[in-house]
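Before any comments, here is the structure.
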Amino acid sequence: MSRISGKPGVWVERSYGLCSRVARWREGAPGTPLLFLNGIGADISAAAPLLAQMHGREVWTLDMPGVGGSPDALLPYSAPTIAAVVMEIADRMGHRHIDLAGFSWGGALAQQIAIQFPGRVRHLVLMATTPVMNAPGIGWGALFDDDMLASGLKIQTATPLGIAYQTAAMAGWSSIGFLSGLKNLPTLVLTGERDGVMPPCYGQMIADQIEGAIAETMPGSHLFPFTHAAAVAERITRFLDGTPAAKQAAA
């Protein structure tokens, strides 16, 4: 594991034949660690401004194969396989239980993990995502997002093969029919009020299927977790700190 002063610990993990660069902020902080799963083609540096503001807790994220500092996968992988990779890395870090946040493509993967590994996720935060991955505009549509064009953010850092395998992993994927099984999982669904890539109706579809889920609209368009990082970090923190599961984990 390599460490850079003032920055997260960064290293590479290999699991199920796939290599992933991992970044970890505030290692050993008390409470349940938070895992953030990024959008398609986006790397650790895109998430850093948001995750650096998640004060008082351990936070980690990773580059998917073919993205950022992770080499291309040799073969395509499926949603269940990449979910297993993520949770094996969590095991190696000593994280039996995690809080889980996912943005866009990563929000779909977060749903897959919560469904595939029942009991391991304490809180679920879904941002600008969908329960059906044939939704129009996902992926490269984010390049034309109003907020990104205005801010100059550089999100896509993937190789062509990396994008192709991420797309293939979720082709035809859906959580509909499974989300009702998450009724005991505290869930926050955040959508962007001007999101033309994942309109708020997709988030509402998710919230409607998870008993007790909270659905809220945030300022901004598809990239609101990055362009409004301070507000999003504050809202996620309040959710994680204020629900019964959070209090139980801290007890």
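Residues in the structure tokens are named by chain (A, B, ... in the order shown) and by number from 1 within that chain; ligands are numbered from 1 in the order shown.
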
With range 203-219 of chain A as the partner and 7 Å as the cut-off, tabulate the residues of range 89-135 of chain A that qualify, each row holding the nearest pair of atoms and their distance in Å to one decimal, using only C-alpha atoms, sorted by chain and rising number, as a Markdown table.
| residue | atom | partner | partner_atom | distance |
| --- | --- | --- | --- | --- |
| A:Ala128 | CA | A:Gly203 | CA | 6.9 |
| A:Thr129 | CA | A:Gly203 | CA | 6.3 |
| A:Thr130 | CA | A:Gly203 | CA | 6.2 |
| A:Pro131 | CA | A:Ile206 | CA | 6.1 |

Those same residues - N, CA and C atoms - I'd like them written as a tab-separated table (two decimals), in the first residue's frame.
chain	number	residue	atom	x	y	z
A	128	ALA	N	-28.54	9.74	-8.78
A	128	ALA	CA	-28.61	9.87	-10.24
A	128	ALA	C	-28.53	8.52	-10.93
A	129	THR	N	-29.31	7.56	-10.45
A	129	THR	CA	-29.21	6.21	-10.98
A	129	THR	C	-30.58	5.66	-11.35
A	130	THR	N	-30.65	4.39	-11.65
A	130	THR	CA	-31.82	3.78	-12.25
A	130	THR	C	-31.97	2.33	-11.80
A	131	PRO	N	-33.20	1.78	-11.82
A	131	PRO	CA	-33.36	0.36	-11.55
A	131	PRO	C	-33.30	-0.50	-12.81

**OP:** Apply DSSP to the structure's backbone, then extract all residues of range 6-241 of chain A labelled strand (DSSP E) and return them as a count of residues only.
**Re:** 47

Original post:
If we count only C-alpha atoms, what is near Pro49 in chain A at a cut-off of 9 Å, once residues fewer than 4 positions away on the same chain are taken out, given as a PyMOL selection string?
Top reply: chain A and resi 45+53+226+229-230

Output C-alpha atoms for every residue in the selection just made, as a tab-separated table (two decimals), in the first residue's frame.
chain	number	residue	atom	x	y	z
A	45	SER	CA	-9.85	11.77	-8.96
A	53	GLN	CA	-15.58	16.29	2.48
A	226	PHE	CA	-19.41	16.50	-8.03
A	229	ALA	CA	-20.05	18.26	-3.55
A	230	ALA	CA	-20.32	20.20	-0.28

**OP:** DSSP on the backbone, then: every residue of range 9-246 of chain A marked helix (DSSP H, G or I), written as a ChimeraX atom specification.
**Re:** /A:44-51,79-92,105-116,140-144,146-151,160-169,179-182,200-209,224-227,229-242,244-246

Original post:
Using only C-alpha atoms, which of A:Ile163, A:Leu50, A:Met127, A:Ala168 sits nearest His222 in chain A?
Top reply: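 When distances to His222 in chain A are compared using only C-alpha atoms, the smallest one comes from A:Met127.
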
**OP:** May I ask which of the residues A:Gly56, A:Pro80, A:Pro71, A:Gly31 is the closest one to Leu18 in chain A, counting only C-alpha atoms?
**Re:** A:Pro71
